[in-house]
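Okay, data33.cif now, which holds mmCIF, C-alpha atoms:
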```cif
data_upload
#
loop_
_atom_site.label_atom_id
_atom_site.label_comp_id
_atom_site.auth_asym_id
_atom_site.auth_seq_id
_atom_site.Cartn_x
_atom_site.Cartn_y
_atom_site.Cartn_z
CA LYS A 1 119.65 116.00 170.40
CA GLN A 2 116.63 114.37 168.80
CA GLU A 3 113.43 116.37 168.99
CA VAL A 4 110.02 115.09 167.96
CA THR A 5 107.20 117.44 167.03
CA GLN A 6 103.57 116.65 166.32
CA ILE A 7 101.14 118.81 164.42
CA PRO A 8 98.38 119.64 165.00
CA ALA A 9 98.25 119.65 168.79
CA ALA A 10 94.50 119.13 168.66
CA LEU A 11 92.04 118.13 166.01
CA SER A 12 88.26 117.89 165.93
CA VAL A 13 86.54 116.22 163.01
CA PRO A 14 83.07 114.84 162.24
CA GLU A 15 82.61 111.11 162.16
CA GLY A 16 83.50 109.47 158.86
CA GLU A 17 86.25 111.84 157.84
CA ASN A 18 89.67 110.65 156.78
CA LEU A 19 92.43 112.43 158.62
CA VAL A 20 96.20 112.75 158.79
CA LEU A 21 98.35 113.30 161.84
CA ASN A 22 101.88 114.56 161.38
CA CYS A 23 105.11 113.82 163.18
CA SER A 24 108.52 115.30 162.45
CA PHE A 25 111.92 114.56 163.93
CA THR A 26 115.17 116.47 163.73
CA ASP A 27 117.69 113.65 163.39
CA SER A 28 117.05 111.28 160.51
CA ALA A 29 119.32 108.59 161.96
CA ILE A 30 116.54 106.72 163.71
CA TYR A 31 116.19 103.07 164.60
CA ASN A 32 112.43 102.94 164.27
CA LEU A 33 109.28 105.00 164.72
CA GLN A 34 106.15 104.05 166.56
CA TRP A 35 102.66 105.45 166.85
CA PHE A 36 100.73 105.05 170.08
CA ARG A 37 97.27 105.80 171.30
CA GLN A 38 96.61 107.07 174.82
CA ASP A 39 93.17 107.37 176.34
CA PRO A 40 92.71 109.90 179.19
CA GLY A 41 94.44 108.77 182.36
CA LYS A 42 95.55 105.52 180.80
CA GLY A 43 98.71 103.92 179.52
CA LEU A 44 99.78 103.59 175.91
CA THR A 45 98.58 101.23 173.24
CA SER A 46 100.96 100.59 170.38
CA LEU A 47 99.32 101.10 167.00
CA LEU A 48 102.05 100.75 164.42
CA LEU A 49 105.79 100.21 164.44
CA ILE A 50 107.88 101.17 161.42
CA GLN A 51 111.47 100.01 161.24
CA SER A 52 114.00 102.42 159.75
CA SER A 53 114.22 100.30 156.60
CA GLN A 54 110.48 100.41 156.02
CA ARG A 55 108.37 103.11 154.43
CA GLU A 56 104.94 102.26 155.78
CA GLN A 57 102.84 99.98 157.91
CA THR A 58 99.13 99.30 157.83
CA SER A 59 96.70 97.96 160.37
CA GLY A 60 93.00 98.08 159.62
CA ARG A 61 91.95 101.69 159.11
CA LEU A 62 95.39 102.96 160.10
CA ASN A 63 98.33 103.58 157.83
CA ALA A 64 101.62 105.05 158.94
CA SER A 65 104.33 106.24 156.60
CA LEU A 66 107.94 107.07 157.24
CA ASP A 67 110.26 109.34 155.27
CA LYS A 68 113.57 109.32 157.06
CA SER A 69 115.32 111.70 154.70
CA SER A 70 112.81 114.46 155.38
CA GLY A 71 112.35 113.54 159.03
CA ARG A 72 108.63 112.94 158.77
CA SER A 73 105.98 110.40 159.52
CA THR A 74 102.24 110.53 159.03
CA LEU A 75 99.44 108.54 160.56
CA TYR A 76 96.43 108.23 158.30
CA ILE A 77 93.10 107.26 159.86
CA ALA A 78 90.39 106.29 157.43
CA ALA A 79 86.67 106.67 158.09
CA SER A 80 87.15 108.04 161.59
CA GLN A 81 84.83 106.93 164.39
CA PRO A 82 84.01 108.45 167.80
CA GLY A 83 85.93 105.57 169.37
CA ASP A 84 89.07 106.88 167.71
CA SER A 85 88.98 109.90 170.04
CA ALA A 86 92.20 109.83 172.03
CA THR A 87 95.67 111.33 172.10
CA TYR A 88 98.00 109.98 169.46
CA LEU A 89 101.68 109.94 170.24
CA CYS A 90 104.58 109.53 167.87
CA ALA A 91 107.81 108.13 169.31
CA VAL A 92 111.23 107.73 167.75
CA GLY A 93 113.61 104.96 168.68
CA ALA A 94 116.99 106.63 168.48
CA ASP A 95 119.15 103.53 168.61
CA SER A 96 119.20 99.88 169.57
CA SER A 97 118.90 100.77 173.25
CA TYR A 98 115.12 100.74 172.79
CA LYS A 99 114.75 104.20 174.36
CA LEU A 100 111.88 106.17 172.88
CA ILE A 101 111.65 109.92 172.39
CA PHE A 102 108.07 111.07 172.32
CA GLY A 103 106.35 113.90 170.56
CA SER A 104 103.87 116.07 172.42
CA GLY A 105 100.90 114.29 170.90
CA THR A 106 97.78 115.17 168.93
CA ARG A 107 94.49 115.18 170.81
CA LEU A 108 91.84 113.88 168.45
CA LEU A 109 88.11 114.30 168.92
CA VAL A 110 85.78 112.59 166.48
CA ARG A 111 82.32 114.05 166.78
CA PRO A 112 79.29 111.78 166.23
CA GLY B 1 100.07 90.60 173.27
CA ALA B 2 102.42 90.95 176.19
CA VAL B 3 101.06 92.48 179.39
CA VAL B 4 102.72 94.92 181.74
CA SER B 5 101.12 95.80 185.04
CA GLN B 6 101.74 98.62 187.47
CA HIS B 7 100.88 98.87 191.11
CA PRO B 8 99.37 100.93 192.53
CA SER B 9 97.25 102.53 189.83
CA TRP B 10 97.02 105.66 191.94
CA VAL B 11 98.44 106.89 195.21
CA ILE B 12 98.02 109.98 197.35
CA CYS B 13 100.69 110.75 199.89
CA LYS B 14 101.83 113.50 202.19
CA SER B 15 104.81 115.66 201.35
CA GLY B 16 108.04 114.17 202.64
CA THR B 17 107.00 110.53 202.42
CA SER B 18 108.35 107.93 200.03
CA VAL B 19 106.28 106.05 197.50
CA LYS B 20 107.14 102.82 195.71
CA ILE B 21 105.68 101.95 192.32
CA GLU B 22 105.98 98.45 190.90
CA CYS B 23 106.18 97.49 187.25
CA ARG B 24 105.77 93.85 186.28
CA SER B 25 105.94 92.03 182.98
CA LEU B 26 103.31 89.34 183.44
CA ASP B 27 103.98 86.88 180.64
CA PHE B 28 107.50 87.59 179.47
CA GLN B 29 110.93 88.38 180.78
CA ALA B 30 112.35 91.83 180.26
CA THR B 31 116.01 92.59 180.74
CA THR B 32 115.24 96.24 180.11
CA MET B 33 112.44 98.34 181.49
CA PHE B 34 111.90 102.05 181.19
CA TRP B 35 110.32 104.64 183.46
CA TYR B 36 108.55 107.66 182.05
CA ARG B 37 106.88 110.65 183.64
CA GLN B 38 103.98 112.52 182.11
CA PHE B 39 102.71 115.87 183.38
CA PRO B 40 99.16 116.96 182.52
CA LYS B 41 98.64 117.58 178.82
CA GLN B 42 102.29 116.91 178.13
CA SER B 43 104.05 114.03 176.51
CA LEU B 44 106.03 111.26 178.11
CA MET B 45 109.53 112.08 179.26
CA LEU B 46 111.97 109.24 179.76
CA MET B 47 113.35 109.26 183.29
CA ALA B 48 115.59 106.22 183.35
CA THR B 49 116.44 102.88 181.85
CA SER B 50 116.24 99.99 184.27
CA ASN B 51 118.53 97.03 183.57
CA GLU B 52 118.12 93.74 185.40
CA GLY B 53 120.96 93.12 187.79
CA SER B 54 122.69 96.44 187.27
CA LYS B 55 122.31 100.10 188.09
CA ALA B 56 119.73 102.16 186.28
CA THR B 57 120.77 104.72 183.72
CA TYR B 58 119.18 108.10 184.35
CA GLU B 59 118.38 110.77 181.82
CA GLN B 60 119.87 114.20 182.16
CA GLY B 61 118.14 116.26 184.81
CA VAL B 62 116.63 113.30 186.68
CA GLU B 63 117.88 113.00 190.26
CA LYS B 64 118.99 109.44 190.83
CA ASP B 65 118.93 109.85 194.61
CA LYS B 66 115.35 111.01 194.52
CA PHE B 67 114.02 108.45 192.05
CA LEU B 68 115.43 105.10 193.14
CA ILE B 69 115.09 102.30 190.63
CA ASN B 70 115.59 98.64 191.37
CA HIS B 71 115.35 95.88 188.78
CA ALA B 72 115.69 92.83 190.95
CA SER B 73 114.34 90.25 188.53
CA LEU B 74 113.52 89.84 184.87
CA THR B 75 109.87 90.57 185.55
CA LEU B 76 109.94 93.33 188.15
CA SER B 77 111.24 96.87 188.33
CA THR B 78 110.41 99.33 191.09
CA LEU B 79 110.54 103.10 191.20
CA THR B 80 110.69 104.73 194.61
CA VAL B 81 110.03 108.44 194.83
CA THR B 82 111.86 109.48 197.98
CA SER B 83 110.79 112.45 200.07
CA ALA B 84 108.04 113.26 197.63
CA HIS B 85 106.95 116.86 197.14
CA PRO B 86 103.94 118.36 195.35
CA GLU B 87 106.02 119.01 192.23
CA ASP B 88 106.55 115.24 191.95
CA SER B 89 102.84 114.78 191.37
CA SER B 90 102.60 113.23 187.94
CA PHE B 91 101.61 110.18 185.94
CA TYR B 92 104.38 107.59 186.01
CA ILE B 93 104.42 104.98 183.26
CA CYS B 94 106.74 102.03 182.87
CA SER B 95 107.46 99.96 179.81
CA ALA B 96 109.16 96.64 179.26
CA HIS B 97 110.96 95.59 176.13
CA THR B 98 110.75 92.23 174.40
CA ASP B 99 110.10 92.26 170.66
CA THR B 100 108.76 95.76 171.12
CA GLN B 101 107.93 97.99 174.06
CA TYR B 102 104.85 97.24 176.07
CA PHE B 103 103.58 99.93 178.39
CA GLY B 104 101.99 99.63 181.77
CA PRO B 105 98.70 101.37 182.56
CA GLY B 106 100.42 104.08 184.59
CA THR B 107 100.40 105.24 188.20
CA ARG B 108 98.90 108.57 189.18
CA LEU B 109 100.89 110.07 192.05
CA THR B 110 99.46 112.99 193.97
CA VAL B 111 101.58 114.55 196.69
CA LEU B 112 99.72 116.78 199.10
#
```

Can I see the file as structure tokens?
Amino acid sequence: KQEVTQIPAALSVPEGENLVLNCSFTDSAIYNLQWFRQDPGKGLTSLLLIQSSQREQTSGRLNASLDKSSGRSTLYIAASQPGDSATYLCAVGADSSYKLIFGSGTRLLVRP
Amino acid sequence: GAVVSQHPSWVICKSGTSVKIECRSLDFQATTMFWYRQFPKQSLMLMATSNEGSKATYEQGVEKDKFLINHASLTLSTLTVTSAHPEDSSFYICSAHTDTQYFGPGTRLTVL
């Protein structure tokens, strides 16, 4: 059974810092991996989608990498801003059924 | 990007009543929709996969007679929580798949 773990559970950094969020999964046979952002009491916003054949994706200040063999993905946020404060969720697509298995999330606070 | 709506955004009901939550894909057709449940400070847990024109597929541990799912059209799926109890209080989020998964804004259910 696929399990997805995110470390750290919470992170507080001063504005401007570069930071890395970690995601690990137990079964390397994944279809894809996606990073989401969730603001309190809200739905999810997709940030980056990495297909199993890809190693990284970039969007603006965000860069996500994928290492299937080691079961790991990282989300790199450059020059963090207070508006980046949110919970970041990693989700693994196990197969072509499009079902997603979510990690427990990292709650990020960027202090002004 | 594609838009998914949910209605209502929040609902408070008495124990023993039934509550229906709607999930609509506003600008695309989705043969597959998903229902997730999120308890406070926890991640999203997949409840069921909703397929247009056929029965939903429920995840292990989810009572199909309690959480009724209907996917009557390519743009609408409904989740009915029957005989709701306080332990059913949660944040329910749907998603619809096209090129990727798009998530609704969520419905906060509080059962008194």

Considering only C-alpha atoms, tabulate each residue of chain B that lies at most 7 Å from chain A along with its nearest interatomic pair and the corresponding distance in Å to one decimal; arrange the rows by chain and ascending residue number and present them as a Markdown table.
```
| residue | atom | partner | partner_atom | distance |
| --- | --- | --- | --- | --- |
| B:Gln42 | CA | A:Ser104 | CA | 6.0 |
| B:Ser43 | CA | A:Ser104 | CA | 4.6 |
| B:Leu44 | CA | A:Phe102 | CA | 6.1 |
| B:Ile93 | CA | A:Gly43 | CA | 6.9 |
| B:Phe103 | CA | A:Leu44 | CA | 5.8 |
| B:Gly104 | CA | A:Gly43 | CA | 5.9 |
| B:Pro105 | CA | A:Gly43 | CA | 4.0 |
| B:Gly106 | CA | A:Gly43 | CA | 5.4 |
```

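Residues near the point (115.9, 113.4, 169.8), at a distance of 9 Å or less over all atoms listed in the file, make up Lys1, Gln2, Glu3, Val4, Phe25, Thr26, Asp27, Val92, Gly93, Ala94, Leu100, Ile101 and Phe102 of chain A.
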
Starting from the PyMOL selection byres ((chain B and resi 11) around 10), expand the selection into actual residues of this file and give them as a list in words.
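Selected by the PyMOL selection byres ((chain B and resi 11) around 10) here: His7, Pro8, Ser9, Trp10, Ile12, Cys13, Val19, Lys20, Ile21, Ser89, Thr107, Arg108, Leu109, Thr110 and Val111 of chain B.
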
Can you work out the spacing between atom CA of Gln51 of chain A and atom CA of Lys55 of chain B in Å, to one decimal?
29.0 Å

Atom-to-atom span, atom CA of Pro14 of chain A and atom CA of Arg61 of chain A, Å
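One can read the atom CA of Pro14 of chain A to atom CA of Arg61 of chain A distance as 16.2 Å.
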
If you take every atom of segment 11-28 of chain B that the file lists and fit an axis-aligned box around them with 5 Å extra on each side, what centre and edge lengths come out in Å to one decimal, as JSON?
```
{"center_x": 103.2, "center_y": 101.3, "center_z": 191.1, "size_x": 20.3, "size_y": 38.8, "size_z": 33.2}
```

Quick one: residues within 8 Å of Ser73 of chain A, all atoms listed in the file, excluding same-chain residues fewer than 4 positions away - as an MDAnalysis selection string?
chainID A and resid 22:24 64:67

Export of prior selection with C-alpha atoms as a PDB file, in the frame of the given file:
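Saved file part_26.pdb follows:
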```pdb
ATOM      1  CA  ASN A  22     101.880 114.560 161.380  1.00  0.00           C
ATOM      2  CA  CYS A  23     105.110 113.820 163.180  1.00  0.00           C
ATOM      3  CA  SER A  24     108.520 115.300 162.450  1.00  0.00           C
ATOM      4  CA  ALA A  64     101.620 105.050 158.940  1.00  0.00           C
ATOM      5  CA  SER A  65     104.330 106.240 156.600  1.00  0.00           C
ATOM      6  CA  LEU A  66     107.940 107.070 157.240  1.00  0.00           C
ATOM      7  CA  ASP A  67     110.260 109.340 155.270  1.00  0.00           C
TER       8      ASP A  67
END
```

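The gap separating atom CA of Ser95 of chain B from atom CA of Thr80 of chain B is 15.9 Å, in Å to one decimal.
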
Could you name the residues that touch Gly61 of chain B at 12 Å or less, counting all atoms listed in the file, but leaving out those on the same chain fewer than 5 positions away, as number ranges by chain?
B: 45-48, 66-67

Could you state which residues are captured by the PyMOL selection byres ((chain A and resi 81) around 8) in this file, as a list in words?
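Applied to this file, the PyMOL selection byres ((chain A and resi 81) around 8) selects Glu15, Gly16, Ala79, Ser80, Pro82, Gly83, Asp84, Ser85, Val110, Arg111 and Pro112 of chain A.
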
Serialized selection, C-alpha atoms, as a CSV table (one decimal), keeping the file's coordinate frame:
```
chain,number,residue,atom,x,y,z
A,15,GLU,CA,82.6,111.1,162.2
A,16,GLY,CA,83.5,109.5,158.9
A,79,ALA,CA,86.7,106.7,158.1
A,80,SER,CA,87.2,108.0,161.6
A,82,PRO,CA,84.0,108.4,167.8
A,83,GLY,CA,85.9,105.6,169.4
A,84,ASP,CA,89.1,106.9,167.7
A,85,SER,CA,89.0,109.9,170.0
A,110,VAL,CA,85.8,112.6,166.5
A,111,ARG,CA,82.3,114.0,166.8
A,112,PRO,CA,79.3,111.8,166.2
```

Mind listing as a short mmCIF file (atom, residue, chain, number, x, y, z; two decimals) with C-alpha atoms, keeping the file's coordinate frame all residues within 9 Å of (91.7, 119.3, 164.3), counting only C-alpha atoms?
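File written: selection.cif
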```
data_model
loop_
_atom_site.label_atom_id
_atom_site.label_comp_id
_atom_site.auth_asym_id
_atom_site.auth_seq_id
_atom_site.Cartn_x
_atom_site.Cartn_y
_atom_site.Cartn_z
CA PRO A 8 98.38 119.64 165.00
CA ALA A 9 98.25 119.65 168.79
CA ALA A 10 94.50 119.13 168.66
CA LEU A 11 92.04 118.13 166.01
CA SER A 12 88.26 117.89 165.93
CA VAL A 13 86.54 116.22 163.01
CA LEU A 19 92.43 112.43 158.62
CA THR A 106 97.78 115.17 168.93
CA ARG A 107 94.49 115.18 170.81
CA LEU A 108 91.84 113.88 168.45
CA LEU A 109 88.11 114.30 168.92
#
```

Kindly indicate which residue among B:Thr17, B:Thr31, B:Ser83, B:Thr98 lies nearest to Asp65 of chain B, using only C-alpha atoms for the distances.
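Nearest candidate to Asp65 of chain B out of B:Thr17, B:Thr31, B:Ser83, B:Thr98: B:Ser83.
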